[in-house]
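The data block below is my_file-v1.pdb; it holds PDB, C-alpha atoms.
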ATOM      1  CA  MET C  25      23.972  -0.925  -0.504
ATOM      2  CA  SER C  26      21.693   1.792  -1.861
ATOM      3  CA  GLU C  27      19.963   4.358   0.302
ATOM      4  CA  ALA C  28      16.775   3.090   1.908
ATOM      5  CA  ILE C  29      13.619   4.300   0.167
ATOM      6  CA  LEU C  30      11.837   4.217   3.535
ATOM      7  CA  GLU C  31      13.349   4.406   6.985
ATOM      8  CA  MET C  32      11.589   4.654  10.341
ATOM      9  CA  GLN C  33      13.745   5.517  13.333
ATOM     10  CA  ASN C  34      12.385   4.833  16.843
ATOM     11  CA  VAL C  35       8.883   5.920  15.854
ATOM     12  CA  GLU C  36       6.224   6.168  18.550
ATOM     13  CA  LYS C  37       2.466   6.669  18.357
ATOM     14  CA  ARG C  38       0.316   6.932  21.477
ATOM     15  CA  PHE C  39      -3.446   6.919  21.900
ATOM     16  CA  GLY C  40      -4.048   8.110  25.434
ATOM     17  CA  GLY C  41      -1.912   5.885  27.618
ATOM     18  CA  VAL C  42      -1.563   3.141  25.003
ATOM     19  CA  ARG C  43       1.552   2.942  22.822
ATOM     20  CA  ALA C  44       0.298   1.614  19.511
ATOM     21  CA  ILE C  45       3.845   1.907  18.102
ATOM     22  CA  ASP C  46       6.726   1.678  20.567
ATOM     23  CA  GLN C  47      10.234   2.687  19.429
ATOM     24  CA  PHE C  48       9.658   1.105  16.036
ATOM     25  CA  SER C  49      12.440   1.099  13.436
ATOM     26  CA  LEU C  50      12.375  -0.164   9.858
ATOM     27  CA  LYS C  51      14.532   0.081   6.759
ATOM     28  CA  VAL C  52      13.195  -0.828   3.310
ATOM     29  CA  GLU C  53      15.605  -0.861   0.359
ATOM     30  CA  PRO C  54      14.506   0.142  -3.163
ATOM     31  CA  GLY C  55      12.941  -2.693  -5.142
ATOM     32  CA  MET C  56      12.060  -4.862  -2.159
ATOM     33  CA  ILE C  57       8.773  -6.462  -1.267
ATOM     34  CA  TYR C  58       8.834  -6.113   2.504
ATOM     35  CA  GLY C  59       6.290  -7.674   4.852
ATOM     36  CA  LEU C  60       4.831  -6.508   8.156
ATOM     37  CA  ILE C  61       3.229  -9.361  10.069
ATOM     38  CA  GLY C  62       1.872  -9.873  13.545
ATOM     39  CA  PRO C  63      -1.340 -10.480  15.509
ATOM     40  CA  ASN C  64      -4.357  -8.216  15.200
ATOM     41  CA  GLY C  65      -3.789  -5.046  17.201
ATOM     42  CA  ALA C  66       0.002  -5.273  16.884
ATOM     43  CA  GLY C  67       0.225  -1.771  15.336
ATOM     44  CA  LYS C  68       0.708  -2.620  11.669
ATOM     45  CA  THR C  69      -1.976  -0.372  10.184
ATOM     46  CA  THR C  70      -0.983   2.402  12.616
ATOM     47  CA  ILE C  71       2.483   2.264  11.042
ATOM     48  CA  PHE C  72       0.941   2.722   7.583
ATOM     49  CA  ASN C  73      -1.100   5.635   8.905
ATOM     50  CA  THR C  74       1.989   7.393  10.289
ATOM     51  CA  ILE C  75       3.906   6.881   7.017
ATOM     52  CA  THR C  76       1.079   8.427   4.976
ATOM     53  CA  GLY C  77       0.274  11.285   7.360
ATOM     54  CA  ILE C  78      -3.141  10.083   8.523
ATOM     55  CA  TYR C  79      -1.614  10.003  12.012
ATOM     56  CA  GLN C  80       1.250  12.185  13.227
ATOM     57  CA  ALA C  81       4.011  10.282  15.032
ATOM     58  CA  ASP C  82       4.599  11.293  18.658
ATOM     59  CA  GLY C  83       8.298  10.551  18.483
ATOM     60  CA  GLY C  84      11.090   9.385  16.201
ATOM     61  CA  ARG C  85      11.622  10.120  12.505
ATOM     62  CA  ILE C  86      10.268   8.814   9.206
ATOM     63  CA  LEU C  87      12.434   9.288   6.102
ATOM     64  CA  PHE C  88      11.350   8.761   2.494
ATOM     65  CA  GLN C  89      14.209   8.812  -0.018
ATOM     66  CA  GLY C  90      16.236  10.622   2.639
ATOM     67  CA  LYS C  91      13.588  13.330   3.168
ATOM     68  CA  ASN C  92      12.068  13.779   6.626
ATOM     69  CA  ILE C  93       8.312  13.149   6.246
ATOM     70  CA  THR C  94       7.457  12.678   9.935
ATOM     71  CA  LYS C  95       4.895  15.506   9.923
ATOM     72  CA  ILE C  96       3.675  15.070   6.354
ATOM     73  CA  GLU C  97       0.026  15.468   5.287
ATOM     74  CA  PRO C  98      -1.713  12.701   3.281
ATOM     75  CA  HIS C  99      -1.902  14.720   0.044
ATOM     76  CA  GLU C 100       1.803  15.560   0.351
ATOM     77  CA  ALA C 101       2.648  11.862   0.759
ATOM     78  CA  ALA C 102       0.754  11.072  -2.452
ATOM     79  CA  HIS C 103       2.572  13.781  -4.408
ATOM     80  CA  LEU C 104       5.951  12.534  -3.111
ATOM     81  CA  GLY C 105       5.194   9.065  -4.483
ATOM     82  CA  ILE C 106       3.640   7.069  -1.630
ATOM     83  CA  ALA C 107       0.385   5.230  -2.407
ATOM     84  CA  ARG C 108      -1.630   2.795  -0.339
ATOM     85  CA  THR C 109      -4.586   0.469  -0.211
ATOM     86  CA  PHE C 110      -6.705  -0.217   2.856
ATOM     87  CA  GLN C 111      -7.655  -3.333   4.782
ATOM     88  CA  ASN C 112     -11.313  -2.416   4.245
ATOM     89  CA  ILE C 113     -11.686  -1.554   0.565
ATOM     90  CA  ARG C 114     -12.349   2.160   0.051
ATOM     91  CA  LEU C 115     -13.617   2.590  -3.470
ATOM     92  CA  PHE C 116     -16.107   5.167  -4.706
ATOM     93  CA  GLY C 117     -18.754   2.475  -4.941
ATOM     94  CA  ASN C 118     -21.386   4.506  -6.784
ATOM     95  CA  LEU C 119     -18.943   5.653  -9.465
ATOM     96  CA  SER C 120     -17.817   3.622 -12.449
ATOM     97  CA  VAL C 121     -14.713   1.460 -12.391
ATOM     98  CA  LYS C 122     -13.054   3.785 -14.911
ATOM     99  CA  THR C 123     -13.931   6.942 -12.970
ATOM    100  CA  ASN C 124     -12.375   5.491  -9.801
ATOM    101  CA  VAL C 125      -9.029   5.214 -11.581
ATOM    102  CA  MET C 126      -9.424   8.507 -13.458
ATOM    103  CA  ILE C 127      -9.595  10.325 -10.111
ATOM    104  CA  SER C 128      -6.085   9.083  -9.321
ATOM    105  CA  CYS C 129      -4.760   9.744 -12.830
ATOM    106  CA  ASN C 130      -6.116  13.270 -12.543
ATOM    107  CA  MET C 131      -3.728  14.022  -9.676
ATOM    108  CA  HIS C 132      -1.014  14.924 -12.190
ATOM    109  CA  SER C 133      -3.214  16.849 -14.638
ATOM    110  CA  LYS C 134      -2.100  20.397 -15.466
ATOM    111  CA  TYR C 135      -5.251  22.396 -16.000
ATOM    112  CA  HIS C 136      -6.941  25.041 -13.862
ATOM    113  CA  LEU C 137     -10.491  25.511 -12.621
ATOM    114  CA  GLY C 138     -11.086  28.084 -15.351
ATOM    115  CA  ASP C 139     -10.086  25.536 -17.987
ATOM    116  CA  ALA C 140     -12.653  23.090 -16.609
ATOM    117  CA  LEU C 141     -15.420  25.684 -16.454
ATOM    118  CA  LEU C 142     -14.758  26.883 -20.009
ATOM    119  CA  ARG C 143     -13.849  23.409 -21.323
ATOM    120  CA  THR C 144     -10.754  24.811 -22.984
ATOM    121  CA  PRO C 145      -8.573  22.751 -25.359
ATOM    122  CA  ARG C 146      -6.126  22.233 -22.496
ATOM    123  CA  TYR C 147      -8.921  20.789 -20.344
ATOM    124  CA  ARG C 148     -10.187  18.515 -23.138
ATOM    125  CA  LYS C 149      -6.659  17.276 -23.831
ATOM    126  CA  ALA C 150      -6.038  16.581 -20.147
ATOM    127  CA  THR C 151      -9.362  14.760 -19.826
ATOM    128  CA  LYS C 152      -8.524  12.507 -22.780
ATOM    129  CA  GLU C 153      -5.092  11.765 -21.301
ATOM    130  CA  THR C 154      -6.674  10.968 -17.924
ATOM    131  CA  GLU C 155      -9.156   8.564 -19.522
ATOM    132  CA  ASP C 156      -6.375   6.857 -21.495
ATOM    133  CA  CYS C 157      -4.338   6.554 -18.302
ATOM    134  CA  ALA C 158      -7.251   4.954 -16.451
ATOM    135  CA  MET C 159      -7.887   2.439 -19.218
ATOM    136  CA  GLU C 160      -4.194   1.529 -19.330
ATOM    137  CA  PHE C 161      -4.203   0.599 -15.646
ATOM    138  CA  LEU C 162      -7.507  -1.226 -15.923
ATOM    139  CA  ASP C 163      -5.999  -3.248 -18.759
ATOM    140  CA  ILE C 164      -2.981  -4.064 -16.577
ATOM    141  CA  VAL C 165      -5.190  -5.454 -13.800
ATOM    142  CA  GLY C 166      -7.522  -7.240 -16.231
ATOM    143  CA  LEU C 167     -10.546  -4.994 -15.735
ATOM    144  CA  ALA C 168     -10.588  -3.053 -19.015
ATOM    145  CA  ASP C 169     -13.892  -4.653 -19.993
ATOM    146  CA  LYS C 170     -15.463  -3.553 -16.675
ATOM    147  CA  GLY C 171     -14.739   0.170 -17.076
ATOM    148  CA  GLU C 172     -18.353   1.334 -17.285
ATOM    149  CA  GLU C 173     -19.648  -0.900 -14.494
ATOM    150  CA  ARG C 174     -20.334   0.461 -11.017
ATOM    151  CA  ALA C 175     -17.368  -0.249  -8.724
ATOM    152  CA  SER C 176     -19.572  -1.696  -5.981
ATOM    153  CA  SER C 177     -20.933  -4.313  -8.425
ATOM    154  CA  LEU C 178     -17.546  -5.974  -8.919
ATOM    155  CA  PRO C 179     -16.734  -9.267  -7.173
ATOM    156  CA  TYR C 180     -14.540  -8.892  -4.091
ATOM    157  CA  GLY C 181     -11.298  -9.970  -5.775
ATOM    158  CA  HIS C 182     -11.855  -7.533  -8.641
ATOM    159  CA  GLN C 183     -12.481  -4.725  -6.165
ATOM    160  CA  ARG C 184      -9.092  -5.489  -4.619
ATOM    161  CA  LYS C 185      -7.459  -5.240  -8.038
ATOM    162  CA  LEU C 186      -9.310  -2.005  -8.763
ATOM    163  CA  GLU C 187      -8.045  -0.502  -5.513
ATOM    164  CA  ILE C 188      -4.481  -1.452  -6.454
ATOM    165  CA  ALA C 189      -4.966  -0.012  -9.969
ATOM    166  CA  ARG C 190      -6.186   3.235  -8.427
ATOM    167  CA  ALA C 191      -3.139   3.397  -6.162
ATOM    168  CA  MET C 192      -0.758   2.634  -9.036
ATOM    169  CA  ALA C 193      -2.338   5.369 -11.184
ATOM    170  CA  THR C 194      -0.796   7.987  -8.877
ATOM    171  CA  ASP C 195       2.632   6.837 -10.195
ATOM    172  CA  PRO C 196       4.061   5.874  -6.779
ATOM    173  CA  LYS C 197       7.596   4.906  -5.885
ATOM    174  CA  LEU C 198       6.415   3.098  -2.747
ATOM    175  CA  LEU C 199       3.186   1.089  -2.600
ATOM    176  CA  LEU C 200       1.701   0.189   0.795
ATOM    177  CA  LEU C 201      -0.658  -2.799   0.658
ATOM    178  CA  ASP C 202      -2.809  -3.359   3.756
ATOM    179  CA  GLU C 203      -3.862  -7.030   3.818
ATOM    180  CA  PRO C 204      -4.402  -7.401   0.062
ATOM    181  CA  ALA C 205      -5.363 -11.080   0.447
ATOM    182  CA  ALA C 206      -7.954 -10.463   3.188
ATOM    183  CA  GLY C 207     -11.114 -12.449   2.500
ATOM    184  CA  MET C 208      -9.582 -14.467  -0.330
ATOM    185  CA  ASN C 209      -9.486 -18.241  -0.644
ATOM    186  CA  ALA C 210      -6.319 -20.204  -1.473
ATOM    187  CA  ASP C 211      -6.753 -19.972  -5.252
ATOM    188  CA  GLU C 212      -7.501 -16.235  -5.126
ATOM    189  CA  SER C 213      -4.463 -15.667  -2.886
ATOM    190  CA  LEU C 214      -2.240 -17.534  -5.359
ATOM    191  CA  GLU C 215      -3.574 -15.400  -8.208
ATOM    192  CA  LEU C 216      -2.931 -12.263  -6.137
ATOM    193  CA  VAL C 217       0.684 -13.314  -5.531
ATOM    194  CA  GLU C 218       1.305 -13.614  -9.264
ATOM    195  CA  PHE C 219      -0.460 -10.314  -9.897
ATOM    196  CA  ILE C 220       1.641  -8.416  -7.317
ATOM    197  CA  ARG C 221       4.840 -10.020  -8.580
ATOM    198  CA  LYS C 222       4.102  -8.954 -12.172
ATOM    199  CA  LEU C 223       3.137  -5.475 -11.005
ATOM    200  CA  LYS C 224       6.416  -5.092  -9.146
ATOM    201  CA  GLN C 225       8.464  -6.293 -12.118
ATOM    202  CA  ARG C 226       6.634  -4.103 -14.639
ATOM    203  CA  PHE C 227       6.905  -0.873 -12.662
ATOM    204  CA  ASP C 228      10.088  -1.598 -10.658
ATOM    205  CA  ILE C 229       8.234  -0.449  -7.553
ATOM    206  CA  THR C 230       8.995  -0.975  -3.865
ATOM    207  CA  ILE C 231       6.205  -2.616  -1.863
ATOM    208  CA  LEU C 232       5.574  -2.662   1.880
ATOM    209  CA  MET C 233       2.731  -4.987   2.760
ATOM    210  CA  ILE C 234       0.729  -6.058   5.793
ATOM    211  CA  GLU C 235      -0.484  -9.619   5.426
ATOM    212  CA  HIS C 236      -1.834 -12.451   7.598
ATOM    213  CA  HIS C 237      -1.699 -15.126   4.899
ATOM    214  CA  MET C 238       1.726 -16.682   5.490
ATOM    215  CA  ASP C 239       1.665 -18.369   2.087
ATOM    216  CA  VAL C 240       1.406 -14.924   0.476
ATOM    217  CA  VAL C 241       4.238 -13.581   2.644
ATOM    218  CA  THR C 242       6.415 -16.619   1.923
ATOM    219  CA  ASN C 243       5.907 -16.394  -1.847
ATOM    220  CA  LEU C 244       6.378 -12.628  -2.146
ATOM    221  CA  CYS C 245       8.444 -11.006   0.579
ATOM    222  CA  ASP C 246      12.226 -10.539   0.460
ATOM    223  CA  ALA C 247      12.248  -9.773   4.188
ATOM    224  CA  CYS C 248       9.769  -9.002   6.934
ATOM    225  CA  THR C 249       9.342  -7.590  10.421
ATOM    226  CA  VAL C 250       7.126  -9.177  13.056
ATOM    227  CA  LEU C 251       5.273  -6.848  15.415
ATOM    228  CA  ASN C 252       3.745  -7.591  18.791
ATOM    229  CA  PHE C 253       2.074  -4.924  20.942
ATOM    230  CA  GLY C 254       3.655  -2.154  18.847
ATOM    231  CA  LYS C 255       7.200  -3.447  19.268
ATOM    232  CA  THR C 256       9.514  -5.292  16.894
ATOM    233  CA  LEU C 257       9.592  -8.954  17.785
ATOM    234  CA  ALA C 258      11.879 -10.098  14.957
ATOM    235  CA  THR C 259      13.289  -9.000  11.604
ATOM    236  CA  GLY C 260      14.798 -11.118   8.845
ATOM    237  CA  THR C 261      14.042 -13.247   5.823
ATOM    238  CA  VAL C 262      10.781 -15.175   5.805
ATOM    239  CA  GLU C 263      12.593 -18.450   6.496
ATOM    240  CA  GLU C 264      14.428 -16.906   9.453
ATOM    241  CA  ILE C 265      11.185 -15.504  10.816
ATOM    242  CA  LYS C 266       9.355 -18.828  10.531
ATOM    243  CA  LYS C 267      12.065 -20.556  12.595
ATOM    244  CA  ASN C 268      12.217 -17.875  15.319
ATOM    245  CA  PRO C 269      10.906 -19.361  18.627
ATOM    246  CA  GLU C 270       9.502 -16.032  19.834
ATOM    247  CA  VAL C 271       7.593 -15.566  16.592
ATOM    248  CA  ILE C 272       6.232 -19.105  16.737
ATOM    249  CA  ALA C 273       5.010 -18.558  20.297
ATOM    250  CA  ALA C 274       3.483 -15.110  19.677
ATOM    251  CA  TYR C 275       2.094 -15.429  16.176
ATOM    252  CA  LEU C 276       2.471 -18.714  14.358
ATOM    253  CA  GLY C 277       0.622 -20.802  16.913
ATOM    254  CA  GLY C 278       2.978 -22.090  19.569
ATOM    255  CA  ASP C 279       5.587 -24.865  19.531
ATOM    256  CA  GLU C 280       5.519 -27.246  16.631
TER
END
I'd like the structure from this file rewritten - as structure tokens, please.
Amino acid sequence: MSEAILEMQNVEKRFGGVRAIDQFSLKVEPGMIYGLIGPNGAGKTTIFNTITGIYQADGGRILFQGKNITKIEPHEAAHLGIARTFQNIRLFGNLSVKTNVMISCNMHSKYHLGDALLRTPRYRKATKETEDCAMEFLDIVGLADKGEERASSLPYGHQRKLEIARAMATDPKLLLLDEPAAGMNADESLELVEFIRKLKQRFDITILMIEHHMDVVTNLCDACTVLNFGKTLATGTVEEIKKNPEVIAAYLGGDE
């Protein structure tokens, strides 16, 4: 078995006297689509925030490709190859669709402030490359014809795809998706499943996702962990999870 791309070892995060994450451990192998499920308030988004450096863990270790990133800053996480989306879409709504993605593409540009001020050939070349990069990702998510539109004007499902395109434009090795199907109907969720599957195959990327739609989890995830009150309730394949009595009682709605 290959080395885990992401490993969390007995991670804790406290807010006052509340343990939002309590001795949480996780191991995600390269190439997996791994799900985090559980009731609202179970600690799922807090886990994403500790992985990406928005929160600092109060205990335990977080390893990314074997490197200790427990005390990492958000910009360092992005440069290492960790990208994420948010449960509540966080686009630059007043900017164009293309500019939203160009901001992410620009993360790897190699020009200096002086180049930008003087509009040197290096700056102009980098700007053209950034624009080409943005249009490539918009084409991948089916939004190439929306490039000049304001991001806030897009329908909800297209905004979700734009957020994923923006995350992918940072060239991540690990993509964290926080409830990508939130607010979608059954048909939109099915379309999202196919979109994420094609994205994973095209870029050979590892995905860790939080999701409440069990049909999305069932159709996408190789394995998942169920959280309850910040603790691991169960870990296994989706079929194993769905048959677990504790999971049924805590999350899937009681005895069938």
Measuring atom to atom with only C-alpha atoms, identify which of C:Gly117, C:Gly207, C:Gly41, C:Pro145 is nearest to Ser177 in chain C.
->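 That would be C:Gly117, the residue with the smallest distance to Ser177 in chain C.
What the PyMOL selection byres ((chain C and resi 251) around 8) picks from this file is Leu60, Ile61, Gly62, Pro63, Ala66, Gly67, Lys68, Thr249, Val250, Asn252, Phe253, Gly254, Lys255, Thr256, Leu257 and Ala258 of chain C.
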Chain and number of each residue from the PyMOL selection byres ((chain C and resi 162) around 9), as JSON, numbers by chain | {"C": [121, 122, 125, 157, 158, 159, 160, 161, 163, 164, 165, 166, 167, 168, 169, 170, 171, 185, 186, 189, 190]}
Expected file: the selected residues, C-alpha atoms, as a PDB file, keeping the file's coordinate frame:
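Contents of the output file again_2.pdb:
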ATOM      1  CA  VAL C 121     -14.713   1.460 -12.391  1.00  0.00           C
ATOM      2  CA  LYS C 122     -13.054   3.785 -14.911  1.00  0.00           C
ATOM      3  CA  VAL C 125      -9.029   5.214 -11.581  1.00  0.00           C
ATOM      4  CA  CYS C 157      -4.338   6.554 -18.302  1.00  0.00           C
ATOM      5  CA  ALA C 158      -7.251   4.954 -16.451  1.00  0.00           C
ATOM      6  CA  MET C 159      -7.887   2.439 -19.218  1.00  0.00           C
ATOM      7  CA  GLU C 160      -4.194   1.529 -19.330  1.00  0.00           C
ATOM      8  CA  PHE C 161      -4.203   0.599 -15.646  1.00  0.00           C
ATOM      9  CA  ASP C 163      -5.999  -3.248 -18.759  1.00  0.00           C
ATOM     10  CA  ILE C 164      -2.981  -4.064 -16.577  1.00  0.00           C
ATOM     11  CA  VAL C 165      -5.190  -5.454 -13.800  1.00  0.00           C
ATOM     12  CA  GLY C 166      -7.522  -7.240 -16.231  1.00  0.00           C
ATOM     13  CA  LEU C 167     -10.546  -4.994 -15.735  1.00  0.00           C
ATOM     14  CA  ALA C 168     -10.588  -3.053 -19.015  1.00  0.00           C
ATOM     15  CA  ASP C 169     -13.892  -4.653 -19.993  1.00  0.00           C
ATOM     16  CA  LYS C 170     -15.463  -3.553 -16.675  1.00  0.00           C
ATOM     17  CA  GLY C 171     -14.739   0.170 -17.076  1.00  0.00           C
ATOM     18  CA  LYS C 185      -7.459  -5.240  -8.038  1.00  0.00           C
ATOM     19  CA  LEU C 186      -9.310  -2.005  -8.763  1.00  0.00           C
ATOM     20  CA  ALA C 189      -4.966  -0.012  -9.969  1.00  0.00           C
ATOM     21  CA  ARG C 190      -6.186   3.235  -8.427  1.00  0.00           C
TER      22      ARG C 190
END
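Between Gly105 in chain C and the candidates C:Pro54, C:Gly181, C:Pro196, C:Gly65, the tightest atom-to-atom separation, counting only C-alpha atoms, involves C:Pro196.
With CA of Leu232 in chain C on one side and CA of Ala175 in chain C on the other, the separation reads 25.4 Å.
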Smallest atom-to-atom distance to His99 in chain C: which of C:Leu87, C:Thr194, C:Arg221, C:Ala206, using all atoms listed in the file?
->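 Distance minimum relative to His99 in chain C lands on C:Thr194.
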Shortest interatomic distance to Glu31 in chain C - which of C:Asn243, C:Thr151, C:Thr261, C:Asn92, counting all atoms listed in the file =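 Closest to Glu31 in chain C, using all atoms listed in the file: C:Asn92.
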Interatomic distance, CA of Thr76 in chain C to CA of Thr94 in chain C (Å, one decimal) =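 Computing the Euclidean distance for CA of Thr76 in chain C and CA of Thr94 in chain C yields 9.1 Å.
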Could you pull range 220-234 of chain C out of the block above and save it with N, CA and C atoms, as a PDB file, in the first residue's frame?
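And here's out.pdb as it stands now:
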ATOM      1  N   ILE C 220     -17.606  15.392 -10.955  1.00  0.00           N
ATOM      2  CA  ILE C 220     -16.500  15.118 -10.020  1.00  0.00           C
ATOM      3  C   ILE C 220     -15.741  13.867 -10.436  1.00  0.00           C
ATOM      4  N   ARG C 221     -16.468  12.863 -10.907  1.00  0.00           N
ATOM      5  CA  ARG C 221     -15.807  11.631 -11.349  1.00  0.00           C
ATOM      6  C   ARG C 221     -14.884  11.899 -12.541  1.00  0.00           C
ATOM      7  N   LYS C 222     -15.353  12.687 -13.502  1.00  0.00           N
ATOM      8  CA  LYS C 222     -14.520  13.019 -14.667  1.00  0.00           C
ATOM      9  C   LYS C 222     -13.328  13.879 -14.267  1.00  0.00           C
ATOM     10  N   LEU C 223     -13.538  14.773 -13.329  1.00  0.00           N
ATOM     11  CA  LEU C 223     -12.470  15.640 -12.844  1.00  0.00           C
ATOM     12  C   LEU C 223     -11.370  14.809 -12.189  1.00  0.00           C
ATOM     13  N   LYS C 224     -11.787  13.858 -11.393  1.00  0.00           N
ATOM     14  CA  LYS C 224     -10.826  12.988 -10.695  1.00  0.00           C
ATOM     15  C   LYS C 224     -10.035  12.141 -11.687  1.00  0.00           C
ATOM     16  N   GLN C 225     -10.708  11.614 -12.689  1.00  0.00           N
ATOM     17  CA  GLN C 225     -10.033  10.779 -13.688  1.00  0.00           C
ATOM     18  C   GLN C 225      -9.076  11.603 -14.533  1.00  0.00           C
ATOM     19  N   ARG C 226      -9.486  12.796 -14.924  1.00  0.00           N
ATOM     20  CA  ARG C 226      -8.658  13.632 -15.803  1.00  0.00           C
ATOM     21  C   ARG C 226      -7.378  14.083 -15.118  1.00  0.00           C
ATOM     22  N   PHE C 227      -7.480  14.459 -13.840  1.00  0.00           N
ATOM     23  CA  PHE C 227      -6.333  15.036 -13.150  1.00  0.00           C
ATOM     24  C   PHE C 227      -5.682  14.077 -12.158  1.00  0.00           C
ATOM     25  N   ASP C 228      -6.225  12.859 -12.029  1.00  0.00           N
ATOM     26  CA  ASP C 228      -5.674  11.861 -11.111  1.00  0.00           C
ATOM     27  C   ASP C 228      -5.472  12.478  -9.726  1.00  0.00           C
ATOM     28  N   ILE C 229      -6.510  13.130  -9.231  1.00  0.00           N
ATOM     29  CA  ILE C 229      -6.435  13.872  -7.984  1.00  0.00           C
ATOM     30  C   ILE C 229      -7.102  13.090  -6.863  1.00  0.00           C
ATOM     31  N   THR C 230      -6.665  13.333  -5.631  1.00  0.00           N
ATOM     32  CA  THR C 230      -7.292  12.751  -4.453  1.00  0.00           C
ATOM     33  C   THR C 230      -8.322  13.740  -3.921  1.00  0.00           C
ATOM     34  N   ILE C 231      -9.492  13.237  -3.544  1.00  0.00           N
ATOM     35  CA  ILE C 231     -10.575  14.108  -3.086  1.00  0.00           C
ATOM     36  C   ILE C 231     -11.061  13.660  -1.707  1.00  0.00           C
ATOM     37  N   LEU C 232     -11.159  14.622  -0.805  1.00  0.00           N
ATOM     38  CA  LEU C 232     -11.799  14.413   0.495  1.00  0.00           C
ATOM     39  C   LEU C 232     -13.025  15.302   0.512  1.00  0.00           C
ATOM     40  N   MET C 233     -14.194  14.715   0.737  1.00  0.00           N
ATOM     41  CA  MET C 233     -15.411  15.506   0.618  1.00  0.00           C
ATOM     42  C   MET C 233     -16.338  15.324   1.810  1.00  0.00           C
ATOM     43  N   ILE C 234     -16.949  16.444   2.209  1.00  0.00           N
ATOM     44  CA  ILE C 234     -18.042  16.451   3.175  1.00  0.00           C
ATOM     45  C   ILE C 234     -19.334  16.473   2.371  1.00  0.00           C
TER      46      ILE C 234
END
